[in-house]
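Participant: Input structure: model-v8.cif, which contains mmCIF, C-alpha atoms (C1' of nucleotides).
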```
data_upload
#
loop_
_atom_site.label_atom_id
_atom_site.label_comp_id
_atom_site.auth_asym_id
_atom_site.auth_seq_id
_atom_site.Cartn_x
_atom_site.Cartn_y
_atom_site.Cartn_z
CA MET A 1 8.48 -2.85 -52.50
CA LYS A 2 5.55 -4.74 -53.94
CA LYS A 3 2.46 -5.40 -51.87
CA LEU A 4 1.42 -9.02 -51.50
CA ASP A 5 -0.94 -10.04 -54.26
CA LYS A 6 -4.51 -10.99 -53.55
CA SER A 7 -3.63 -14.57 -54.50
CA PHE A 8 -1.15 -14.72 -51.63
CA TYR A 9 -4.09 -14.91 -49.26
CA ASN A 10 -5.83 -17.57 -51.32
CA ASP A 11 -4.19 -20.42 -49.43
CA THR A 12 -4.58 -22.41 -46.23
CA THR A 13 -4.03 -20.65 -42.91
CA LEU A 14 -1.05 -22.84 -42.05
CA ASN A 15 0.59 -22.16 -45.41
CA ILE A 16 -0.02 -18.43 -45.16
CA ALA A 17 1.44 -18.38 -41.65
CA GLN A 18 4.72 -19.81 -42.94
CA LYS A 19 4.67 -17.68 -46.08
CA LEU A 20 4.32 -14.52 -43.96
CA LEU A 21 7.74 -15.12 -42.39
CA GLY A 22 10.29 -12.80 -43.96
CA LYS A 23 7.59 -10.52 -45.40
CA VAL A 24 7.53 -6.84 -44.58
CA LEU A 25 4.85 -5.13 -42.50
CA VAL A 26 4.31 -1.40 -43.14
CA HIS A 27 2.22 1.06 -41.16
CA ARG A 28 1.79 4.60 -42.49
CA TYR A 29 0.32 7.34 -40.33
CA ASP A 30 0.96 11.05 -39.73
CA ASP A 31 3.37 11.16 -42.70
CA LYS A 32 5.43 8.47 -41.02
CA GLU A 33 6.27 5.06 -42.41
CA LEU A 34 7.23 2.38 -39.90
CA VAL A 35 8.46 -0.92 -41.30
CA GLY A 36 9.45 -4.30 -39.92
CA ARG A 37 10.16 -7.81 -41.11
CA ILE A 38 7.85 -10.53 -39.81
CA VAL A 39 9.89 -13.14 -37.94
CA GLU A 40 7.35 -14.99 -35.80
CA VAL A 41 3.67 -15.93 -36.28
CA GLU A 42 0.96 -18.22 -34.91
CA ALA A 43 -2.03 -19.70 -36.73
CA TYR A 44 -5.55 -19.76 -35.27
CA ILE A 45 -8.26 -21.74 -37.06
CA GLY A 46 -11.69 -21.26 -35.50
CA ALA A 47 -13.31 -24.39 -36.87
CA ILE A 48 -11.06 -26.78 -34.93
CA ASP A 49 -9.08 -24.64 -32.50
CA LYS A 50 -10.13 -24.10 -28.89
CA ALA A 51 -7.51 -21.36 -28.56
CA ALA A 52 -9.11 -19.22 -31.29
CA HIS A 53 -11.35 -16.31 -30.34
CA CYS A 54 -13.83 -17.55 -32.92
CA TYR A 55 -13.74 -21.20 -31.87
CA ASN A 56 -16.92 -23.02 -32.71
CA ASN A 57 -17.83 -20.17 -35.06
CA LYS A 58 -18.33 -17.80 -32.17
CA ARG A 59 -19.42 -14.70 -33.97
CA THR A 60 -19.26 -11.43 -32.04
CA LYS A 61 -18.52 -7.83 -32.90
CA ARG A 62 -14.88 -8.54 -32.12
CA THR A 63 -14.50 -11.71 -34.20
CA GLU A 64 -16.68 -10.51 -37.09
CA VAL A 65 -13.79 -9.53 -39.36
CA MET A 66 -12.41 -13.07 -39.22
CA PHE A 67 -15.56 -14.34 -40.93
CA GLY A 68 -14.95 -11.99 -43.85
CA PRO A 69 -12.56 -12.36 -46.79
CA PRO A 70 -8.81 -12.94 -46.20
CA GLY A 71 -6.21 -10.18 -46.25
CA TYR A 72 -7.75 -7.90 -43.62
CA ALA A 73 -6.53 -6.90 -40.16
CA TYR A 74 -7.98 -8.43 -37.02
CA VAL A 75 -6.78 -6.25 -34.15
CA TYR A 76 -7.83 -7.09 -30.61
CA PHE A 77 -7.23 -5.53 -27.20
CA ILE A 78 -5.81 -7.76 -24.49
CA TYR A 79 -4.97 -7.61 -20.77
CA GLY A 80 -6.25 -4.07 -20.51
CA MET A 81 -3.08 -2.74 -22.10
CA TYR A 82 -2.04 -4.18 -25.42
CA TYR A 83 -3.22 -4.63 -28.97
CA CYS A 84 -2.36 -7.61 -31.15
CA LEU A 85 -2.40 -7.79 -34.94
CA ASN A 86 -3.68 -10.72 -36.99
CA VAL A 87 -3.92 -11.40 -40.71
CA VAL A 88 -7.39 -12.76 -41.53
CA THR A 89 -7.26 -15.95 -43.61
CA GLU A 90 -9.67 -18.39 -45.26
CA LYS A 91 -12.57 -17.57 -47.51
CA THR A 92 -15.66 -15.66 -46.40
CA GLY A 93 -17.67 -17.60 -43.83
CA GLN A 94 -14.67 -19.39 -42.33
CA CYS A 95 -13.01 -17.79 -39.32
CA ALA A 96 -9.23 -18.01 -39.08
CA ALA A 97 -6.25 -15.70 -38.72
CA VAL A 98 -2.49 -15.53 -38.28
CA LEU A 99 -1.18 -13.65 -35.25
CA ILE A 100 1.92 -11.59 -35.97
CA ARG A 101 4.10 -12.28 -32.94
CA ALA A 102 7.36 -10.50 -33.71
CA ILE A 103 9.03 -8.22 -36.22
CA GLU A 104 12.55 -6.95 -36.81
CA PRO A 105 12.58 -3.18 -37.29
CA LEU A 106 13.64 -2.04 -40.76
CA LYS A 107 12.58 1.59 -40.90
CA GLY A 108 11.33 4.21 -38.45
CA LEU A 109 13.34 2.91 -35.51
CA ASN A 110 13.32 6.29 -33.77
CA ASP A 111 9.52 6.50 -33.94
CA MET A 112 9.30 2.95 -32.64
CA ALA A 113 11.46 3.95 -29.67
CA LEU A 114 9.22 6.95 -29.03
CA ASN A 115 6.08 4.81 -29.28
CA ARG A 116 7.45 2.16 -26.92
CA TYR A 117 9.55 4.07 -24.42
CA ASN A 118 8.73 7.72 -25.06
CA LYS A 119 12.43 8.26 -25.69
CA PRO A 120 14.45 8.84 -28.88
CA ILE A 121 16.48 5.93 -30.18
CA GLU A 122 19.77 7.29 -28.84
CA ASP A 123 18.39 7.30 -25.29
CA ILE A 124 17.29 3.67 -25.05
CA ASN A 125 19.58 0.89 -23.90
CA LYS A 126 20.66 -2.23 -25.73
CA ARG A 127 18.04 -4.44 -24.11
CA GLN A 128 15.23 -2.01 -24.87
CA LYS A 129 16.34 -1.88 -28.47
CA LEU A 130 16.39 -5.68 -28.71
CA ASN A 131 12.92 -5.85 -27.18
CA ILE A 132 11.41 -3.05 -29.22
CA ALA A 133 9.04 -5.20 -31.32
CA ASN A 134 9.71 -8.86 -30.46
CA GLY A 135 6.24 -9.64 -29.14
CA PRO A 136 2.65 -9.30 -30.38
CA GLY A 137 1.81 -6.45 -27.99
CA LYS A 138 5.19 -4.82 -28.39
CA LEU A 139 5.07 -4.66 -32.18
CA CYS A 140 1.64 -3.05 -32.15
CA MET A 141 2.84 -0.43 -29.71
CA ALA A 142 6.02 0.13 -31.72
CA LEU A 143 4.14 0.51 -35.02
CA ASN A 144 1.21 2.38 -33.41
CA ILE A 145 -1.31 -0.26 -34.45
CA ALA A 146 -4.54 0.00 -32.44
CA LYS A 147 -8.27 -0.47 -32.65
CA ASP A 148 -8.69 2.00 -35.51
CA ASP A 149 -6.76 -0.52 -37.63
CA TYR A 150 -9.39 -3.18 -36.99
CA GLY A 151 -10.76 -4.30 -40.36
CA GLU A 152 -8.17 -2.44 -42.44
CA SER A 153 -7.31 -4.02 -45.77
CA LEU A 154 -3.76 -5.33 -45.68
CA ARG A 155 -3.49 -4.46 -49.35
CA GLY A 156 -4.46 -0.82 -48.76
CA ASP A 157 -2.27 2.24 -48.24
CA LYS A 158 -2.30 2.49 -44.45
CA LEU A 159 -1.39 -0.94 -43.10
CA PHE A 160 -0.03 -3.43 -45.58
CA ILE A 161 2.35 -6.32 -46.15
CA CYS A 162 5.00 -6.46 -48.87
CA GLU A 163 7.15 -8.99 -50.63
CA ASP A 164 10.79 -9.10 -49.72
CA GLY A 165 13.95 -10.68 -51.04
CA PHE A 166 14.62 -12.20 -47.64
CA LYS A 167 14.05 -15.85 -48.40
CA GLU A 168 17.15 -17.66 -47.19
CA PHE A 169 16.12 -18.91 -43.78
CA THR A 170 14.97 -22.00 -41.94
CA ILE A 171 11.51 -22.15 -40.40
CA GLU A 172 11.28 -23.39 -36.83
CA GLN A 173 7.96 -24.83 -35.68
CA SER A 174 6.62 -25.15 -32.13
CA LYS A 175 3.60 -25.11 -29.85
CA ARG A 176 1.83 -21.79 -29.40
CA ILE A 177 2.41 -19.47 -26.44
CA ASN A 178 0.07 -18.73 -23.51
CA ILE A 179 -2.88 -20.89 -24.48
CA ASP A 180 -2.61 -23.56 -21.79
CA TYR A 181 -6.38 -23.44 -21.27
CA ALA A 182 -7.02 -24.68 -24.82
CA GLU A 183 -7.03 -28.41 -24.01
CA GLU A 184 -5.81 -30.49 -26.96
CA ALA A 185 -5.30 -27.36 -29.09
CA LYS A 186 -2.46 -26.18 -26.85
CA ASP A 187 -0.26 -28.84 -28.38
CA PHE A 188 -0.90 -27.89 -32.01
CA MET A 189 2.40 -27.03 -33.69
CA TRP A 190 1.08 -23.81 -35.16
CA ARG A 191 3.80 -21.36 -34.16
CA PHE A 192 6.36 -20.58 -36.82
CA LEU A 193 9.50 -18.49 -36.54
CA ILE A 194 12.61 -17.75 -38.49
CA LYS A 195 15.37 -19.81 -36.94
CA GLY A 196 18.29 -17.91 -35.47
CA ILE A 197 16.58 -14.60 -34.74
CA LYS A 198 18.07 -12.93 -31.66
CA ASP A 199 15.18 -12.52 -29.35
CA ASN A 200 13.96 -12.47 -25.77
CA LYS A 201 13.53 -15.40 -23.43
CA GLN A 202 9.94 -16.12 -24.31
CA THR A 203 10.44 -16.44 -28.03
CA SER A 204 13.70 -18.35 -27.79
CA LYS A 205 12.38 -21.02 -25.46
CA LYS A 206 11.12 -24.16 -27.05
"C1'" DG B 1 -26.00 -3.52 -14.63
"C1'" DT B 2 -22.49 -6.66 -12.89
"C1'" DA B 3 -18.83 -10.11 -13.08
"C1'" DT B 4 -14.98 -12.40 -15.12
"C1'" DG B 5 -10.71 -13.18 -17.36
"C1'" DG B 6 -7.41 -12.72 -21.10
"C1'" DA B 7 -3.52 -15.11 -28.35
"C1'" DT B 8 0.94 -9.82 -22.86
"C1'" DT B 9 4.47 -7.43 -20.79
"C1'" DG B 10 7.60 -5.60 -17.34
"C1'" DT B 11 9.34 -6.09 -13.02
"C1'" DC B 12 10.35 -8.65 -8.86
"C1'" DA C 1 6.51 -15.66 -9.98
"C1'" DC C 2 3.15 -11.98 -10.22
"C1'" DA C 3 0.90 -7.44 -10.76
"C1'" DA C 4 -0.80 -4.04 -14.05
"C1'" DT C 5 -5.07 -2.65 -16.33
"C1'" DC C 6 -9.68 -2.43 -18.85
"C1'" DC C 7 -12.29 -3.97 -22.70
"C1'" DA C 8 -15.19 -7.70 -24.59
"C1'" DT C 9 -18.13 -11.01 -23.37
"C1'" DA C 10 -21.48 -13.52 -20.76
"C1'" DC C 11 -24.38 -13.33 -17.31
"C1'" DT C 12 -28.49 -11.45 -14.22
#
```
Let me see the structure of the file written as structure tokens.
Facilitator:
Amino acid sequence: MKKLDKSFYNDTTLNIAQKLLGKVLVHRYDDKELVGRIVEVEAYIGAIDKAAHCYNNKRTKRTEVMFGPPGYAYVYFIYGMYYCLNVVTEKTGQCAAVLIRAIEPLKGLNDMALNRYNKPIEDINKRQKLNIANGPGKLCMALNIAKDDYGESLRGDKLFICEDGFKEFTIEQSKRINIDYAEEAKDFMWRFLIKGIKDNKQTSKK
DNA sequence: GTATGGATTGTC
DNA sequence: ACAATCCATACT
């Protein structure tokens, strides 16, 4: 599988968000290779978006990577328990990113089960299997993405995104999840998902 | 040093 | 509907 070209990231955040759907996320560690197809994303554009961590160009140690060049990983820790993975977008100096909200497992399912439930794949139930990586915190736990992946190049050899032949799908668009505090930005239609993906309640609600 | 709350998830 | 859980951030 071919890694996404540098030019892929030379585009607007909203375009990249939609283009990321169907692409393949790979994390290699400890001689393992865990792979999933991206099926849901959200865009965050600091310049105009009260829901973004870097709104109003808020520059901190945490948001710093979003001010750098596109194609790098912004990983943040949330609710004392979970990590979330973003793809940094926009040219240097502009802060924006695309949150990866869900993947469909393609490879390394047993390791994902161990990472999520501490059980081999044959010992988890149907619901656990369905929910193994269908959320931003869940997919990071499943793929073992954590703070040491902060700032990683997404065109490197550890955490990267590949092209895929999976192009026949319809994109569904909606408001973003869990940003009710963000005033007018909460209504921005910046969530994109592949229509028809079997998923949990949260991601199937409109 | 202290306080506050969150781009979530699992369970009730 | 709500608790879990703790780091990042903003304050004093």
Participant: As an MDAnalysis selection string, please: the residues near DG10 (chain B) (cut-off 12 Å, all atoms listed in the file, same-chain neighbours under 5 positions excluded).
Facilitator: (chainID A and resid 128 131 138) or (chainID C and resid 2:4)
Participant: For the file shown, what are the residues hit by the PyMOL selection byres ((chain A) within 12 of (chain B)), laid out as a PyMOL selection string?
Facilitator: chain A and resi 41-45+49-54+74-86+97-101+116+128+131-141+176-182+186+190-191+200+202
Participant: Using only C-alpha atoms (C1' of nucleotides), which of A:Lys61, A:Tyr29, A:Asp11, A:Tyr55 sits nearest chain C?
Facilitator: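 Of all the options, A:Lys61 lies closest to chain C.
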Participant: Quick one: distance from CA of Val24 (chain A) to CA of Glu122 (chain A) in Å, one decimal?
Facilitator: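 Between CA of Val24 (chain A) and CA of Glu122 (chain A) the gap is 24.4 Å.
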Participant: Which is closer to chain C than all the others in A:His27, A:Lys6, A:Lys58, A:Lys167, using only C-alpha atoms (C1' of nucleotides)?
Facilitator: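 Using only C-alpha atoms (C1' of nucleotides), chain C sits closest to A:Lys58.
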Participant: Record the distance separating CA of Ser174 (chain A) and CA of Leu20 (chain A), expressed in Å with one decimal.
Facilitator: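 Distance between the two atoms: 16.1 Å.
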Participant: How many Å lie between CA of Tyr150 (chain A) and C1' of DC11 (chain C), rounded to one decimal?
Facilitator: 26.7 Å
Participant: Counting all atoms listed in the file, which residues in chain C sit no more than 7 Å from chain A? For each one, give the nearest pair of atoms and the distance in Å, sorted by chain then residue number, as CSV.
Facilitator:
```
residue,atom,partner,partner_atom,distance
C:DT5,C1',A:Gly80,CA,4.6
C:DC6,C1',A:Gly80,CA,4.1
C:DC7,C1',A:Gly80,CA,6.4
```
Participant: Store the residues of this selection in a file with C-alpha atoms (C1' of nucleotides), as an mmCIF file, in the frame of the given file.
Facilitator:
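That gives us again-v9.cif:
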```cif
data_model
loop_
_atom_site.group_PDB
_atom_site.id
_atom_site.type_symbol
_atom_site.label_atom_id
_atom_site.label_comp_id
_atom_site.auth_asym_id
_atom_site.auth_seq_id
_atom_site.Cartn_x
_atom_site.Cartn_y
_atom_site.Cartn_z
ATOM 1 C "C1'" DT C 5 -5.070 -2.650 -16.330
ATOM 2 C "C1'" DC C 6 -9.680 -2.430 -18.850
ATOM 3 C "C1'" DC C 7 -12.290 -3.970 -22.700
#
```
Participant: Set the distance at 6 Å and use all atoms listed in the file: which residues neighbour region 161-165 of chain A once local chain neighbours fewer than 2 positions away are removed? I'd like the list as a PDB file with C-alpha atoms, in the coordinates of the input.
Facilitator:
```pdb
ATOM      1  CA  LYS A   2       5.550  -4.740 -53.940  1.00  0.00           C
ATOM      2  CA  LYS A   3       2.460  -5.400 -51.870  1.00  0.00           C
ATOM      3  CA  LEU A   4       1.420  -9.020 -51.500  1.00  0.00           C
ATOM      4  CA  LYS A  23       7.590 -10.520 -45.400  1.00  0.00           C
ATOM      5  CA  VAL A  24       7.530  -6.840 -44.580  1.00  0.00           C
ATOM      6  CA  LEU A  25       4.850  -5.130 -42.500  1.00  0.00           C
ATOM      7  CA  LYS A 167      14.050 -15.850 -48.400  1.00  0.00           C
TER       8      LYS A 167
END
```
